file model.cif (mmCIF, C-alpha atoms)
data_final
loop_
_atom_site.label_atom_id
_atom_site.label_comp_id
_atom_site.auth_asym_id
_atom_site.auth_seq_id
_atom_site.Cartn_x
_atom_site.Cartn_y
_atom_site.Cartn_z
CA MET F 138 33.27 -172.48 142.07
CA ASN F 139 30.91 -170.10 140.28
CA ALA F 140 28.42 -171.90 138.07
CA THR F 141 27.80 -170.40 134.65
CA LEU F 142 24.36 -169.30 133.53
CA GLY F 143 24.01 -172.41 131.36
CA THR F 144 24.97 -174.69 134.24
CA ARG F 145 22.48 -172.99 136.54
CA LEU F 146 19.67 -173.21 133.98
CA ARG F 147 20.34 -176.92 133.33
CA HIS F 148 20.41 -177.57 137.09
CA LEU F 149 17.16 -175.63 137.56
CA LEU F 150 15.45 -177.61 134.81
CA GLN F 151 16.80 -180.85 136.30
CA LEU F 152 15.37 -179.94 139.71
CA LEU F 153 11.99 -178.95 138.28
CA ASP F 154 11.59 -181.82 135.81
CA GLY F 155 13.04 -184.33 138.27
CA GLY F 156 10.48 -183.37 140.90
CA VAL F 157 7.62 -183.60 138.42
CA GLU F 158 8.83 -186.93 137.06
CA HIS F 159 9.17 -188.38 140.58
CA SER F 160 5.60 -187.31 141.37
CA TYR F 161 4.36 -189.09 138.24
CA THR F 162 6.19 -192.28 139.21
CA ALA F 163 4.88 -192.10 142.79
CA ALA F 164 1.34 -191.68 141.44
CA GLY F 165 1.59 -194.85 139.38
CA LEU F 166 2.57 -193.26 136.06
CA PRO F 167 6.06 -194.70 135.56
CA GLY F 168 7.54 -193.79 132.22
CA TYR F 169 5.55 -190.58 131.85
CA ARG F 170 7.96 -187.67 131.43
CA PRO F 171 7.31 -183.95 131.79
CA ARG F 172 8.36 -183.36 128.18
CA TYR F 173 5.29 -185.35 127.06
CA THR F 174 2.84 -182.86 128.55
CA PRO F 175 2.78 -180.30 125.68
CA VAL F 176 2.13 -183.18 123.27
CA VAL F 177 -0.66 -184.62 125.41
CA ARG F 178 -2.28 -181.22 125.88
CA ALA F 179 -2.18 -180.57 122.13
CA LEU F 180 -3.74 -183.98 121.40
CA GLN F 181 -6.32 -183.36 124.11
CA ALA F 182 -7.25 -180.00 122.55
CA HIS F 183 -7.16 -180.99 118.87
CA GLY F 184 -7.49 -184.75 118.62
CA PRO F 185 -5.20 -186.80 116.35
CA LEU F 186 -2.71 -184.67 114.44
CA THR F 187 0.11 -185.07 111.96
CA ILE F 188 3.65 -184.62 113.27
CA ARG F 189 3.88 -181.15 111.71
CA ALA F 190 0.53 -179.98 113.07
CA LEU F 191 1.32 -181.47 116.47
CA ALA F 192 4.71 -179.71 116.54
CA ASP F 193 2.98 -176.40 115.82
CA ALA F 194 0.24 -177.01 118.40
CA ALA F 195 2.73 -178.10 121.09
CA GLY F 196 5.17 -175.28 120.34
CA LEU F 197 8.04 -177.65 119.57
CA SER F 198 10.37 -178.02 116.61
CA HIS F 199 9.58 -180.82 114.17
CA SER F 200 12.77 -182.62 115.22
CA ALA F 201 12.09 -182.35 118.97
CA LEU F 202 8.49 -183.43 118.48
CA SER F 203 9.52 -186.46 116.37
CA GLN F 204 11.93 -187.59 119.09
CA THR F 205 9.34 -187.07 121.83
CA VAL F 206 6.64 -188.93 119.89
CA ALA F 207 9.04 -191.84 119.29
CA GLN F 208 9.70 -192.04 123.04
CA MET F 209 6.00 -191.80 123.83
CA LYS F 210 5.18 -194.53 121.33
CA ARG F 211 7.82 -196.86 122.83
CA ALA F 212 6.36 -196.16 126.30
CA GLY F 213 2.82 -196.89 125.06
CA TRP F 214 1.41 -193.36 125.47
CA VAL F 215 0.59 -192.65 121.81
CA ARG F 216 -0.24 -194.48 118.61
CA THR F 217 0.79 -193.60 115.09
CA GLU F 218 -0.93 -194.37 111.82
CA PRO F 219 -0.23 -193.37 108.23
CA GLY F 220 -1.40 -189.89 107.34
CA ALA F 221 -3.11 -188.61 104.20
CA ASP F 222 0.08 -189.13 102.18
CA ALA F 223 3.03 -191.51 102.49
CA ARG F 224 5.23 -188.86 104.10
CA SER F 225 3.00 -188.06 107.05
CA LYS F 226 1.88 -189.84 110.22
CA ARG F 227 -1.09 -189.10 112.44
CA ILE F 228 -0.49 -189.25 116.17
CA SER F 229 -3.26 -190.13 118.60
CA MET F 230 -3.57 -190.96 122.29
CA SER F 231 -3.27 -194.60 123.25
CA PRO F 232 -5.89 -196.26 125.48
CA ALA F 233 -3.33 -196.14 128.34
CA LEU F 234 -2.95 -192.38 127.93
CA LEU F 235 -6.70 -191.84 127.75
CA GLN F 236 -7.07 -193.79 130.99
CA ALA F 237 -4.27 -191.79 132.64
CA LEU F 238 -5.67 -188.36 131.67
CA PRO F 239 -7.65 -187.73 134.88
CA LEU F 240 -4.59 -188.49 137.01
CA LEU F 241 -2.34 -186.43 134.75
CA THR F 242 -4.77 -183.51 134.92
CA ARG F 243 -4.67 -183.68 138.73
CA HIS F 244 -0.87 -183.58 138.60
CA TRP F 245 -0.85 -180.65 136.16
CA HIS F 246 -3.04 -178.65 138.54
CA ALA F 247 -0.85 -179.61 141.52
CA THR F 248 2.27 -178.68 139.53
CA ALA F 249 0.80 -175.24 138.80
CA ARG F 250 0.06 -174.76 142.51
CA ALA F 251 3.58 -175.89 143.41
CA ALA F 252 5.01 -173.44 140.86
CA ALA F 253 3.01 -170.66 142.52
CA THR F 254 4.66 -171.48 145.87
CA LEU F 255 8.07 -171.36 144.19
CA ASP F 256 7.19 -167.96 142.73
CA GLU F 257 6.27 -166.77 146.22
CA ASP F 258 9.56 -168.07 147.63
CA ILE F 259 11.69 -166.32 145.00
CA GLY F 260 9.57 -163.17 144.81
CA ALA F 261 9.01 -163.37 141.06
CA SER F 262 7.12 -165.41 138.52
CA LEU F 263 9.63 -167.87 137.09
CA ALA F 264 7.40 -168.31 134.03
CA ASP F 265 7.29 -164.53 133.48
CA VAL F 266 11.06 -164.21 133.87
CA ALA F 267 11.61 -167.07 131.41
CA GLY F 268 9.09 -165.53 129.01
CA ALA F 269 10.79 -162.15 129.18
CA ALA F 270 14.19 -163.75 128.56
CA ILE F 271 12.83 -165.67 125.56
CA ALA F 272 11.23 -162.54 124.12
CA ALA F 273 14.45 -160.54 124.56
CA LEU F 274 16.50 -163.30 122.90
CA GLU F 275 14.05 -163.53 120.01
CA GLN F 276 14.50 -159.77 119.51
CA ARG F 277 18.29 -159.92 119.81
CA PRO F 278 19.81 -163.43 119.78
CA PHE F 279 22.41 -164.40 122.34
CA GLU F 280 24.96 -164.96 119.57
CA ASP F 281 24.63 -161.27 118.62
CA ARG F 282 25.06 -160.27 122.24
CA ILE F 283 28.25 -162.38 122.51
CA ARG F 284 29.61 -160.91 119.28
CA GLN F 285 28.98 -157.39 120.61
CA ALA F 286 30.64 -158.22 123.95
CA LEU F 287 33.66 -159.61 122.10
CA SER F 288 33.97 -156.53 119.92
CA ARG F 289 33.86 -154.30 123.01
CA GLN F 290 36.61 -156.41 124.59
CA GLY F 291 38.73 -155.98 121.48
CA ASN F 292 38.43 -152.21 121.72
CA LYS F 293 39.82 -152.10 125.25
#

call {"tool": "encode", "arguments": {"input": "model.cif", "output": "C-alpha coordinates"}}
result
Amino acid sequence: MNATLGTRLRHLLQLLDGGVEHSYTAAGLPGYRPRYTPVVRALQAHGPLTIRALADAAGLSHSALSQTVAQMKRAGWVRTEPGADARSKRISMSPALLQALPLLTRHWHATARAAATLDEDIGASLADVAGAAIAALEQRPFEDRIRQALSRQGNK
(Lines of atoms letter the chains of each structure in order from A and count residues from 1; the text may use other names and numbers.)
(Lines give C-alpha, C1' and ligand atoms only; values in the text may rest on other atoms or scores of the structure.)
Protein backbone atom coordinates (compact mmCIF):
# COMPACT_ATOMS: atom_id res chain seq x y z
CA MET A 1 0.00 0.00 0.00
CA ASN A 2 1.29 3.46 -0.86
CA ALA A 3 0.94 5.92 1.99
CA THR A 4 -0.31 9.38 1.10
CA LEU A 5 1.70 12.49 1.86
CA GLY A 6 -0.55 13.31 4.82
CA THR A 7 -0.16 9.80 6.24
CA ARG A 8 3.62 9.98 5.88
CA LEU A 9 3.80 13.40 7.53
CA ARG A 10 1.63 12.28 10.47
CA HIS A 11 3.76 9.16 10.87
CA LEU A 12 6.97 11.23 10.74
CA LEU A 13 5.66 13.60 13.39
CA GLN A 14 4.55 10.64 15.51
CA LEU A 15 8.04 9.11 15.29
CA LEU A 16 9.77 12.39 16.13
CA ASP A 17 7.45 13.54 18.91
CA GLY A 18 7.16 10.02 20.31
CA GLY A 19 10.92 9.73 20.63
CA VAL A 20 11.20 13.11 22.30
CA GLU A 21 8.33 12.38 24.67
CA HIS A 22 9.84 9.00 25.65
CA SER A 23 13.15 10.71 26.42
CA TYR A 24 11.36 13.19 28.69
CA THR A 25 9.62 10.38 30.55
CA ALA A 26 12.87 8.41 30.90
CA ALA A 27 14.56 11.53 32.31
CA GLY A 28 11.95 11.90 35.02
CA LEU A 29 9.71 14.44 33.28
CA PRO A 30 6.51 12.43 32.86
CA GLY A 31 3.67 14.48 31.46
CA TYR A 32 5.93 16.94 29.64
CA ARG A 33 5.05 16.92 25.94
CA PRO A 34 7.03 18.24 22.99
CA ARG A 35 4.20 20.64 22.10
CA TYR A 36 4.88 22.50 25.36
CA THR A 37 8.38 23.55 24.33
CA PRO A 38 7.48 26.63 22.23
CA VAL A 39 5.36 27.87 25.14
CA VAL A 40 8.12 27.27 27.68
CA ARG A 41 10.73 28.95 25.48
CA ALA A 42 8.48 31.99 25.00
CA LEU A 43 7.87 32.25 28.76
CA GLN A 44 11.59 31.79 29.37
CA ALA A 45 12.41 34.63 26.95
CA HIS A 46 9.64 37.07 27.90
CA GLY A 47 8.37 36.18 31.36
CA PRO A 48 4.63 35.97 32.11
CA LEU A 49 2.46 36.78 29.10
CA THR A 50 -1.19 37.00 28.17
CA ILE A 51 -2.61 34.21 26.01
CA ARG A 52 -2.54 36.45 22.93
CA ALA A 53 1.03 37.63 23.49
CA LEU A 54 2.15 34.09 24.28
CA ALA A 55 0.51 32.78 21.10
CA ASP A 56 2.39 35.39 19.07
CA ALA A 57 5.70 34.71 20.85
CA ALA A 58 5.35 30.92 20.49
CA GLY A 59 4.20 31.10 16.87
CA LEU A 60 0.91 29.33 17.57
CA SER A 61 -2.70 30.19 16.86
CA HIS A 62 -4.72 31.55 19.78
CA SER A 63 -6.86 28.40 19.77
CA ALA A 64 -3.90 25.98 19.73
CA LEU A 65 -2.14 27.97 22.44
CA SER A 66 -5.26 28.01 24.66
CA GLN A 67 -5.55 24.22 24.38
CA THR A 68 -1.85 23.72 25.09
CA VAL A 69 -1.91 26.05 28.10
CA ALA A 70 -4.96 24.22 29.49
CA GLN A 71 -3.07 20.92 29.21
CA MET A 72 0.04 22.43 30.76
CA LYS A 73 -1.97 23.87 33.64
CA ARG A 74 -3.62 20.49 34.34
CA ALA A 75 -0.16 18.87 34.31
CA GLY A 76 1.20 21.51 36.71
CA TRP A 77 3.67 23.16 34.31
CA VAL A 78 2.13 26.65 34.21
CA ARG A 79 0.00 28.94 36.33
CA THR A 80 -2.65 31.37 35.18
CA GLU A 81 -3.85 34.56 36.80
CA PRO A 82 -6.28 37.26 35.72
CA GLY A 83 -4.82 39.75 33.28
CA ALA A 84 -5.23 43.52 33.11
CA ASP A 85 -8.88 43.15 32.08
CA ALA A 86 -11.53 40.50 32.72
CA ARG A 87 -11.06 38.95 29.27
CA SER A 88 -7.36 38.18 29.55
CA LYS A 89 -5.19 35.77 31.54
CA ARG A 90 -1.49 35.94 32.26
CA ILE A 91 0.44 32.71 31.97
CA SER A 92 3.58 32.06 34.00
CA MET A 93 5.86 29.13 34.73
CA SER A 94 5.00 27.01 37.74
CA PRO A 95 7.62 26.17 40.38
CA ALA A 96 7.76 22.62 38.93
CA LEU A 97 8.56 23.99 35.48
CA LEU A 98 11.19 26.37 36.84
CA GLN A 99 12.84 23.44 38.61
CA ALA A 100 12.69 21.31 35.43
CA LEU A 101 14.23 23.97 33.15
CA PRO A 102 17.87 22.80 33.45
CA LEU A 103 16.88 19.24 32.55
CA LEU A 104 14.62 20.44 29.75
CA THR A 105 17.42 22.61 28.37
CA ARG A 106 19.74 19.59 28.33
CA HIS A 107 17.10 17.63 26.40
CA TRP A 108 16.55 20.47 23.92
CA HIS A 109 20.28 20.52 23.15
CA ALA A 110 20.35 16.72 22.83
CA THR A 111 17.28 16.85 20.57
CA ALA A 112 19.03 19.37 18.31
CA ARG A 113 22.09 17.09 18.11
CA ALA A 114 19.87 14.10 17.36
CA ALA A 115 18.12 16.09 14.61
CA ALA A 116 21.53 16.84 13.09
CA THR A 117 22.27 13.10 12.89
CA LEU A 118 18.91 12.57 11.19
CA ASP A 119 19.77 15.31 8.70
CA GLU A 120 23.06 13.53 7.99
CA ASP A 121 21.26 10.21 7.47
CA ILE A 122 18.74 11.65 5.01
CA GLY A 123 21.17 14.01 3.29
CA ALA A 124 19.08 17.13 3.87
CA SER A 125 18.02 19.42 6.65
CA LEU A 126 14.53 18.32 7.64
CA ALA A 127 13.93 21.74 9.21
CA ASP A 128 14.98 23.49 5.99
CA VAL A 129 12.77 21.23 3.86
CA ALA A 130 9.82 21.85 6.18
CA GLY A 131 10.53 25.59 6.15
CA ALA A 132 10.68 25.66 2.35
CA ALA A 133 7.40 23.74 2.12
CA ILE A 134 5.72 26.14 4.57
CA ALA A 135 6.99 29.17 2.66
CA ALA A 136 5.79 27.73 -0.66
CA LEU A 137 2.35 26.96 0.81
CA GLU A 138 2.09 30.44 2.31
CA GLN A 139 2.79 31.84 -1.18
CA ARG A 140 0.34 29.48 -2.90
CA PRO A 141 -1.95 27.49 -0.57
CA PHE A 142 -2.42 23.78 -1.08
CA GLU A 143 -6.13 24.32 -1.74
CA ASP A 144 -5.22 26.46 -4.76
CA ARG A 145 -2.83 23.79 -5.97
CA ILE A 146 -5.57 21.13 -5.69
CA ARG A 147 -8.06 23.35 -7.52
CA GLN A 148 -5.53 23.86 -10.34
CA ALA A 149 -4.82 20.11 -10.53
CA LEU A 150 -8.55 19.40 -10.73
CA SER A 151 -9.07 21.95 -13.48
CA ARG A 152 -6.22 20.38 -15.48
CA GLN A 153 -7.82 16.96 -15.04
CA GLY A 154 -11.12 18.33 -16.33
CA ASN A 155 -9.43 19.57 -19.49
CA LYS A 156 -8.07 16.15 -20.38

call {"tool": "resolve_selection", "arguments": {"input": "model.cif", "expression": "the PyMOL selection byres ((chain F and resi 151-163) around 10)", "output": "ChimeraX atom specification"}}
result
/F:145-150,164-172,240-241,244-245,247-248,252

call {"tool": "atom_distance", "arguments": {"input": "model.cif", "atom1": "CA of Ala195 (chain F)", "atom2": "CA of Gln181 (chain F)"}}
result
10.9 Å

call {"tool": "resolve_selection", "arguments": {"input": "model.cif", "expression": "the PyMOL selection byres ((chain F and resi 205) around 12)", "output": "ChimeraX atom specification"}}
result
/F:169-177,188,191-192,195,197-204,206-212,214-215,228

call {"tool": "resolve_selection", "arguments": {"input": "model.cif", "expression": "the PyMOL selection byres ((chain F and resi 229) around 7)", "output": "ChimeraX atom specification"}}
result
/F:180,184-186,215-217,227-228,230-231

call {"tool": "closest_residue", "arguments": {"input": "model.cif", "among": "F:Gly260, F:Gly220, F:Ala179, F:Gly291", "to": "Gly196 (chain F)", "atoms": "only C-alpha atoms"}}
result
F:Ala179

call {"tool": "atom_distance", "arguments": {"input": "model.cif", "atom1": "CA of Glu275 (chain F)", "atom2": "CA of Leu263 (chain F)"}}
result
18.2 Å

call {"tool": "atom_distance", "arguments": {"input": "model.cif", "atom1": "CA of Ala253 (chain F)", "atom2": "CA of Val266 (chain F)"}}
result
13.5 Å

call {"tool": "closest_residue", "arguments": {"input": "model.cif", "among": "F:Gly268, F:Gly213, F:Gly143, F:Pro278", "to": "Leu235 (chain F)", "atoms": "all atoms listed in the file"}}
result
F:Gly213
